[in-house]
Structure formats: C-alpha cells, structure tokens
Amino acid sequence: MKYCNTEDYDIVKESYGRLPKYGTFSLDRGMTRGDYNFMPWLESCRLQGIYFQNAYVVQLQNLATASIFNELAKKWKKETRGMSTTIHMTMNDNYLDIMAMGPAVIPFILMELKQHPDHWFVALRHLTKSDPVVEEDRGDLMKMTKAWLDWGHREGLV
Amino acid sequence: MSPECDGLMKMSVQERFVDWPNLVDNSFKKTSECEPAYNCVAWAINKTNRWIDAYSRNEWPNDLVRTHTAENYADFFKRHGFVICKNKNLEEGIEKLAIFVDSFGYFTHVAVQLIDGKWSSKLGKIEDIKHETLDVLTGGLYGIVKIFMQRPRKDVKKIE
C-alpha cells in the first residue's frame with residue numbers, strides 16, 4: 001500500500017516538469033519512479049482524503065484524476081459499444097470505477113460529454129444527486145446532453 | 001453519427017470475437033454508420049432518435065414496470081402491436097422480432113426480421129447490420145434468443 005509521505009511528495013514536486021501532458025499519459029506501465037508515473041498514487045491520495053497544499057501538486061492531483069478518468073472512459077467505451085441497455089453499460093467495471101472516483105470526476109465527465117455525447121447520465125445523477133433532464137427529454141441523447149451541460153454551466157463546472 | 005466512431009468496422013478480430021463470437025466477416029453487412037442516439041429497441045419500432053430501455057430516467061412507458069427481463073420487454077413490444085409467437089420462420093406479411101437474453105434472463109438485444117428472411121440489428125451504440133441468421137449474434141454480449149414476437153408488417157425498413 002502506498003502512503004502519501006514526505007519522500008513521495010518530494011519526488012512528485014521534483015518531477016512535475018517532466019510528467020507527460022494531459023491526454024497522453026498511459027497507466028499501462030504501472031507506478032514506477034523511474035517513469036515518473038505518479039498518477040495512480042496521487043489519485044489514491046485524493047481518494048484517501050489526502051490533499052496537498054503545494055499548488056504544483058494540487059495541479060498534479062487534478063491531472064491524475066483526468067488521466068485515470070480518460071483511461072477508464074476509453075475502456076468503458078470500448079467494452080460497452082455493442083451493449084443495448086443502460087443497465088449492462090453501467091454495470092461495467094470501468095463505469096463503476098469512475099463513479100467510485102467521487103465528485104472530483106464530475107468536470108471531466110462533463111468535458112467528455114461535451115466532446116462525445118454518450119451515456120454518462122447515470123454517473124452524473126449518482127455523483128451530483130441532481131437530475132436536470134425533464135421527463136419528455138428522457139432517451140433523447142442530445143437533449144439530455146444539453147441539459148447536463150447547461151447544469152454544468154450553472155454550477156461553474158464546464 | 002459519431003465522427004470518431006470506434007465501431008464494428010474498427011474492431012479487431014479478437015475484439016469482435018469477445019462481443020459476438022459467431023459474427024464472422026461474411027455473415028453480415030453494415031447498413032448504417034455508428035450512432036449512439038438510438039438502440040435496438042428503438043430500431044425495432046422504427047425510431048432512430050431515442051434510446052429506449054427500462055433503466056430509470058430513460059424513455060419507457062410510465063405504466064410499465066422498469067424491470068429488465070425479456071418478458072417485460074415483450075410487454076413493451078406488445079404495446080406496439082407485437083404478440084408472442086412460436087418461431088422465427090419467415091411468413092408473408094408478418095414482421096417478427098427476436099429477443100435475446102443474458103444468463104440472468106436480462107434483456108440484451110432485439111433483432112428485426114426483414115422481408116427476405118434475413119435480420120436487422122442495431123448493435124448497441126454503434127452500427128446497424130443486416131445479418132443472415134440470428135445465430136451470428138448469439139454468445140458473447142447478447143446471449144441467446146428467448147422470445148419471438150410478430151405483428152402484421154406495416155413498414156418496410158429503409159435498408160430493404
């Protein structure tokens with residue numbers, strides 16, 4: 001088990017400038033110091049409720065959330081593209097893992113929804129405890145997407 | 001259509017085998033581009049702008065329970081003029097559906113019979129295909145066919 005200790009903190013701080021940029025990061029290599037692959041560790045710190053004060057590391061934590069979300073979202077899309085029902089899509093491990101990331105992932109879901117409308121509504125409803133979709137728009141992907149993006153604007157998340 | 005569709009035509013043989021182990025190259029023909037806005041249930045009742053399923057907050061009749069069994073989906077199709085029938089045999093003037101279920105008995109897919117006896121399926125969030133038999137979609141994601149339904153044929157799908 002990894003702990004968010006001072007030694008790791010120093011390594012993250014030192015490595016910040018050499019970390020890959022958003023969207024290009026791969027989790028496949030695992031967490032090794034040689035690769036400066038600290039994203040899972042940073043995310044695990046966030047999930048443990050440990051937040052850093054250092055602005056760089058705070059940015060890194062956000063980057064970690066984005067990277068992990070992107071990886072899970074990519075796998076979810078691939079594994080569920082042929083599924084015909086929401087229940088099967090949302091029972092997929094990757095989708096459940098995204099929901100388990102908690103409210104920090106909401107802006108990234110909204111960003112993904114804006115770029116590629118898809119069935120993120122169950123996760124959004126679960127994470128936000130809101131449902132901006134009016135009854136007559138249920139099942140209409142574009143209208144549901146718009147309702148959630150409008151909600152995101154109102155909440156300052158998009 | 002999704003411009004960055006990662007659909008059937010981009011799947012590797014291995015990926016396709018995992019989802020539909022019997023869907024080999026010469027067993028189907030693609031009949032649409034990817035489209036996440038509608039699913040097979042909508043396609044079966046000639047809608048292409050809705051995702052219809054029993055999960056909460058999706059389009060579903062208010063007076064129909066939101067359970068995921070094949071029987072509940074059959075009740076949905078009964079509201080569109082279908083009745084349960086015994087087989088998939090082609091009959092003149094009759095439109096048939098085949099409802100697929102997974103190992104839990106949950107609805108997974110519905111395929112529509114075309115006038116030539118072949119079948120049309122909207123595959124999840126990706127393409128529509130025309131396929132020779134129902135067997136090509138069994139196994140993997142869709143499981144087995146549990147229920148056949150029929151109604152007098154009213155419309156001829158555009159792909160025909």
# chains A, B, ... in the order shown; residues from 1 in each chain; ligands from 1
>>> closest_atom_pairs(of="chain A", to="chain B", cutoff="6 Å", atoms="only C-alpha atoms", output="CSV")
residue,atom,partner,partner_atom,distance
A:Arg81,CA,B:Lys125,CA,5.3
A:Gly82,CA,B:Gly124,CA,4.1
A:Met83,CA,B:Gly124,CA,4.3
A:Ser84,CA,B:Gly124,CA,4.1
A:Arg138,CA,B:Asn58,CA,4.9
A:Gly139,CA,B:Trp51,CA,4.6
A:Asp140,CA,B:Arg50,CA,5.1
A:Leu141,CA,B:Ala37,CA,5.4
>>> residues_around(residues="Met89 (chain A)", least_positions_apart="4", cutoff="9 Å", atoms="only C-alpha atoms", output="list in words")
Trp76, Lys77, Glu79, Thr80, Arg81, Met83, Ser84, Thr85, Tyr95 and His119 of chain A
>>> closest_residue(among="A:Leu110, A:Leu63, A:Ile87, A:Ala73", to="Glu155 (chain A)", atoms="only C-alpha atoms")
A:Leu110
>>> select_by_dssp(residues="region 27-151 of chain B", states="helix (DSSP H, G or I)", output="JSON, numbers by chain")
{"B": [27, 40, 41, 42, 43, 44, 70, 71, 72, 73, 74, 75, 76, 77, 78, 135, 136, 137]}
>>> write_last_selection(atoms="C-alpha atoms", output="compact mmCIF listing (two decimals), in the first residue's frame")
# COMPACT_ATOMS: atom_id res chain seq x y z
CA SER B 27 -22.15 -13.23 -42.09
CA CYS B 40 -32.08 -1.80 -30.92
CA VAL B 41 -35.36 -1.32 -29.05
CA ALA B 42 -35.95 1.99 -30.82
CA TRP B 43 -34.84 0.47 -34.12
CA ALA B 44 -37.36 -2.35 -33.72
CA ALA B 70 -37.20 -10.36 -21.58
CA GLU B 71 -40.86 -10.68 -20.60
CA ASN B 72 -41.04 -7.02 -19.62
CA TYR B 73 -39.53 -6.00 -22.94
CA ALA B 74 -42.07 -8.28 -24.62
CA ASP B 75 -44.76 -6.30 -22.81
CA PHE B 76 -43.21 -3.15 -24.23
CA PHE B 77 -43.39 -4.53 -27.76
CA LYS B 78 -46.99 -5.68 -27.22
CA ASP B 135 -27.05 -17.35 -34.62
CA VAL B 136 -24.39 -14.87 -35.65
CA LEU B 137 -25.30 -12.67 -32.67
>>> select_by_dssp(residues="region 87-133 of chain B", states="strand (DSSP E)", output="NGL selection string")
:B and (94-101 or 107-113 or 119-122 or 128-131)
>>> closest_residue(among="A:Met91, A:Met142, A:Leu124, A:Lys75", to="Pro107 (chain A)", atoms="only C-alpha atoms")
A:Leu124
>>> atom_distance(atom1="CA of Glu135 (chain A)", atom2="CA of Ile45 (chain B)")
20.5 Å
>>> residues_around(residues="Asn70 (chain A)", least_positions_apart="3", cutoff="9 Å", atoms="only C-alpha atoms", output="PyMOL selection string")
chain A and resi 23+65-67+73-75+108+112
>>> atom_distance(atom1="CA of Leu90 (chain B)", atom2="CA of Phe17 (chain B)")
28.2 Å
>>> atom_distance(atom1="CA of Asp150 (chain A)", atom2="CA of His88 (chain A)")
27.2 Å
